[in-house]
Structures are given as C-alpha cells and as structure tokens.
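Peer 1: I'd like to ask some things about the structure below.
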Amino acid sequence: MSWNKIQIQQSNGEFVDAQAPEIISVSRSTDIPAFYSDWFMDRQKEGYVKWKNPFNGVPLYVSFRDARLFIFWSKNPKPMLKHFDPLILTDEIGVERLLRKVERIGNQLKDYTDKFVFSFADIKVYKKVQNNLRKNSIAYQEFNERTMTEFTEGLHKLNENWKFELATCAEKIPLEK
C-alpha cells in the first residue's frame, strides 16, 4: 500500500514531503491521550506532525489534511476529555445533551459517510471501565429501555438532515421503529 504524498509548509516556511492518510492510528507506541493530549491538539491546529521512525531515525511528516478518522489507543483518556466529548450518560450529561454532542459530530460527517452505526455501552459488564470511571469521579448512568428509546428517537429526528443509514450493534431491545 502506498500513502498519498503531499507538500506541506512548516511553521518556519520550509516545504517538506508528507504522508496524507485518511485514517490515523494515534498512539500505538506512546499513549498520546494520557501523556500528550495538549501537544496533539496543538499539532492538529498546525495540520501535521513530525515523526521519527524508531528503526532508522529518519523523520517523516504526516499531514492531517485528508484525515477522516483518528483512532486513539489509551489506558487513560481523561486528559483528552477536555478536547473530545465523551458519548456517555452521566449525572451531568443526559440524553438531550448527548444528542447535541452527536449532532455536532453528525453535521461534520454527513458529507463523508452514508452509514451511522451506534451502540449503547453496557458499562456494568466491563468492570475495569466501571472502576476507571469511578476512580475518576465520573458518575455514569447505564442506558435503560427508556433512555435507549429516547436517544434513538432523537437520533432519528437528527437523521432527517443527515440521511444516514442508521444501524445498531447488538442491542437488547428492538429499535427499528
């Protein structure tokens, strides 16, 4: 596979060749969200990152120009939360506020995808996640039939603008209607 290559201008005015992937897997070797979230957000504003290949020390440039998706790998995403809204119900984030967050994301994605797949987190099933949320004083709420239905109805209304194919993944209740 070959990467799309482009020329970018660094902040010092110099032009360099850069890779311009559509999907960027962030932090496979370094936990960027946990330790460098502010740095990453600054790099996002600049539009590129300089990365040294650990095997040969050669610097590579990665442009964010064509990036459609960033995948973050982290054991502690908390420092990143001030930059990326979590999609979770809490004592402060109810269904309506969650729908506003999803609306902002959907409005940005509507010209780039046709399908929207969603699922409701069953936090009680994942003890490690449950413990991490408690440890970080995040008062989460489990989705129940009422909140799932309320969210899905709100999503359906938002989708009148987006025209996505809506799909769920392994839900306990039928949400087709």
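Following the order of the structure tokens, first chain is A, next is B, and so on, with residues numbered from 1 inside each chain and ligands from 1 in the order they appear.
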DSSP on the backbone: what in chain A comes out alpha helix (DSSP H), as an NGL selection string?
Peer 2: :A and (32-35 or 37-46 or 95-109 or 127-135 or 145-162)
Peer 1: Which parts of range 18-79 of chain A does DSSP call strand (DSSP E or B) when run on the backbone here, written out as a list of chain:residue names?
Peer 2: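 Going through range 18-79 of chain A, the strand (DSSP E or B) residues come out as A:Ala18, A:Gln19, A:Ile23, A:Ile24, A:Ser25, A:Val26, A:Tyr48, A:Val49, A:Lys50, A:Trp51, A:Lys52, A:Pro59, A:Leu60, A:Tyr61, A:Val62, A:Ser63, A:Leu69, A:Phe70, A:Ile71, A:Phe72.
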Peer 1: For the residues in the current selection, export C-alpha atoms as a short mmCIF file (atom, residue, chain, number, x, y, z; two decimals), in the first residue's frame.
Peer 2:
data_model
loop_
_atom_site.label_atom_id
_atom_site.label_comp_id
_atom_site.auth_asym_id
_atom_site.auth_seq_id
_atom_site.Cartn_x
_atom_site.Cartn_y
_atom_site.Cartn_z
CA ALA A 18 4.38 14.45 3.96
CA GLN A 19 2.16 11.41 4.07
CA ILE A 23 -7.13 7.10 8.85
CA ILE A 24 -4.53 7.81 11.51
CA SER A 25 -3.91 5.35 14.31
CA VAL A 26 -2.64 7.59 17.10
CA TYR A 48 0.74 17.99 10.63
CA VAL A 49 3.12 16.09 12.89
CA LYS A 50 6.79 15.23 12.51
CA TRP A 51 7.52 11.64 13.48
CA LYS A 52 10.88 9.88 13.73
CA PRO A 59 11.98 11.95 10.22
CA LEU A 60 8.63 11.57 8.49
CA TYR A 61 5.88 14.12 8.23
CA VAL A 62 2.21 13.20 8.49
CA SER A 63 -0.35 15.71 7.28
CA LEU A 69 -10.64 9.39 11.35
CA PHE A 70 -8.24 9.38 14.28
CA ILE A 71 -8.09 6.21 16.36
CA PHE A 72 -6.78 6.74 19.89
#
Peer 1: What's around Asp17 in chain A at 7 Å? Count only C-alpha atoms, leave out sequence neighbours fewer than 2 positions away in its own chain, and write the answer as number ranges by chain.
Peer 2: A: 5-8, 61
Peer 1: Export all heavy atoms of the chosen residues as an mmCIF file, in the first residue's frame?
Peer 2:
data_model
loop_
_atom_site.group_PDB
_atom_site.id
_atom_site.type_symbol
_atom_site.label_atom_id
_atom_site.label_comp_id
_atom_site.auth_asym_id
_atom_site.auth_seq_id
_atom_site.Cartn_x
_atom_site.Cartn_y
_atom_site.Cartn_z
ATOM 1 N N LYS A 5 1.023 11.242 -0.959
ATOM 2 C CA LYS A 5 2.077 12.184 -0.569
ATOM 3 C C LYS A 5 1.695 13.591 -1.020
ATOM 4 O O LYS A 5 1.183 13.780 -2.121
ATOM 5 C CB LYS A 5 3.412 11.807 -1.220
ATOM 6 C CG LYS A 5 3.933 10.458 -0.824
ATOM 7 C CD LYS A 5 4.812 10.559 0.369
ATOM 8 C CE LYS A 5 5.441 9.187 0.616
ATOM 9 N NZ LYS A 5 6.417 9.162 1.591
ATOM 10 N N ILE A 6 1.952 14.558 -0.161
ATOM 11 C CA ILE A 6 1.698 15.953 -0.487
ATOM 12 C C ILE A 6 2.864 16.797 0.021
ATOM 13 O O ILE A 6 3.696 16.310 0.790
ATOM 14 C CB ILE A 6 0.376 16.466 0.129
ATOM 15 C CG1 ILE A 6 0.437 16.437 1.657
ATOM 16 C CG2 ILE A 6 -0.814 15.682 -0.387
ATOM 17 C CD1 ILE A 6 -0.719 17.158 2.328
ATOM 18 N N GLN A 7 2.909 18.034 -0.383
ATOM 19 C CA GLN A 7 3.881 19.005 0.139
ATOM 20 C C GLN A 7 3.167 19.832 1.203
ATOM 21 O O GLN A 7 2.036 20.289 0.991
ATOM 22 C CB GLN A 7 4.359 19.930 -0.976
ATOM 23 C CG GLN A 7 5.356 19.309 -1.910
ATOM 24 C CD GLN A 7 6.770 19.697 -1.499
ATOM 25 O OE1 GLN A 7 7.083 20.862 -1.342
ATOM 26 N NE2 GLN A 7 7.598 18.699 -1.320
ATOM 27 N N ILE A 8 3.817 19.994 2.353
ATOM 28 C CA ILE A 8 3.267 20.861 3.397
ATOM 29 C C ILE A 8 4.293 21.932 3.726
ATOM 30 O O ILE A 8 5.496 21.744 3.518
ATOM 31 C CB ILE A 8 2.885 20.078 4.677
ATOM 32 C CG1 ILE A 8 4.107 19.386 5.293
ATOM 33 C CG2 ILE A 8 1.754 19.101 4.409
ATOM 34 C CD1 ILE A 8 3.861 18.822 6.681
ATOM 35 N N TYR A 61 6.922 13.151 7.950
ATOM 36 C CA TYR A 61 5.879 14.124 8.228
ATOM 37 C C TYR A 61 4.538 13.505 7.856
ATOM 38 O O TYR A 61 4.409 12.881 6.819
ATOM 39 C CB TYR A 61 6.112 15.410 7.424
ATOM 40 C CG TYR A 61 7.339 16.142 7.875
ATOM 41 C CD1 TYR A 61 8.588 15.813 7.364
ATOM 42 C CD2 TYR A 61 7.257 17.148 8.836
ATOM 43 C CE1 TYR A 61 9.735 16.469 7.781
ATOM 44 C CE2 TYR A 61 8.398 17.813 9.262
ATOM 45 C CZ TYR A 61 9.628 17.463 8.732
ATOM 46 O OH TYR A 61 10.753 18.114 9.171
#
Peer 1: Could you give me, as a list in words, the residues within 7 Å of range 133-140 of chain A, counting only C-alpha atoms and dropping anything in the same chain fewer than 6 positions from it?
Peer 2: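 In the requested form, the answer reads Leu89, Thr90 and Asp91 of chain A.
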Peer 1: Can you pull out every residue within 10 Å of Glu150 in chain A, counting only C-alpha atoms, but drop anything in the same chain fewer than 5 positions away, and send it as a count of residues only?
Peer 2: 7
Peer 1: Pick out the closest residue to His83 in chain A from this set: A:Leu109, A:Ala121, A:Leu98, A:Met41. Count only C-alpha atoms.
Peer 2: A:Met41
Peer 1: Could you list, as a ChimeraX atom specification, every residue within 12 Å of range 165-173 of chain A, counting only C-alpha atoms and ignoring same-chain residues fewer than 4 positions away?
Peer 2: /A:106,110,113-122,143-149,152-153,155-161,177
Peer 1: Find, counting only C-alpha atoms, the residue in A:Phe40, A:Trp3, A:Phe15, A:Phe35 that gets nearest to Pro77 in chain A.
Peer 2: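 The closest residue to Pro77 in chain A is A:Phe35.
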Peer 1: If I take CA of Asp66 in chain A and CA of Tyr36 in chain A, how far is one from the other in Å, to one decimal?
Peer 2: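 Pair CA of Asp66 in chain A / CA of Tyr36 in chain A returns 22.3 Å.
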Peer 1: Choose the residue, out of A:Lys163, A:Gln9, A:Gly47, A:Asn4, that has the smallest atom-to-atom separation from Asp111 in chain A; count only C-alpha atoms.
Peer 2: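 Checking each candidate against Asp111 in chain A, we get A:Lys163 as the closest.
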Peer 1: Between A:Ser37, A:Asn56, A:Gln44, A:Gln108, which residue has the minimum interatomic distance to Lys82 in chain A, considering only C-alpha atoms?
Peer 2: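 The answer is A:Ser37, which sits nearest to Lys82 in chain A.
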Peer 1: Kindly give the distance, in Å, that separates CA of Phe151 in chain A and CA of Lys101 in chain A, rounded to a single decimal.
Peer 2: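 Computing it gives 11.8 Å between the two atoms.
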Peer 1: Using only C-alpha atoms, pick whichever of A:Ile88, A:Val125, A:Val58, A:Leu175 has the shortest atom-to-atom distance to Val102 in chain A.
Peer 2: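 Checking each candidate against Val102 in chain A, we get A:Ile88 as the closest.
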Peer 1: Between CA of Tyr126 in chain A and CA of Lys75 in chain A, what distance in Å does the model show, to one decimal?
Peer 2: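 Atom-to-atom, CA of Tyr126 in chain A to CA of Lys75 in chain A, that is 14.0 Å.
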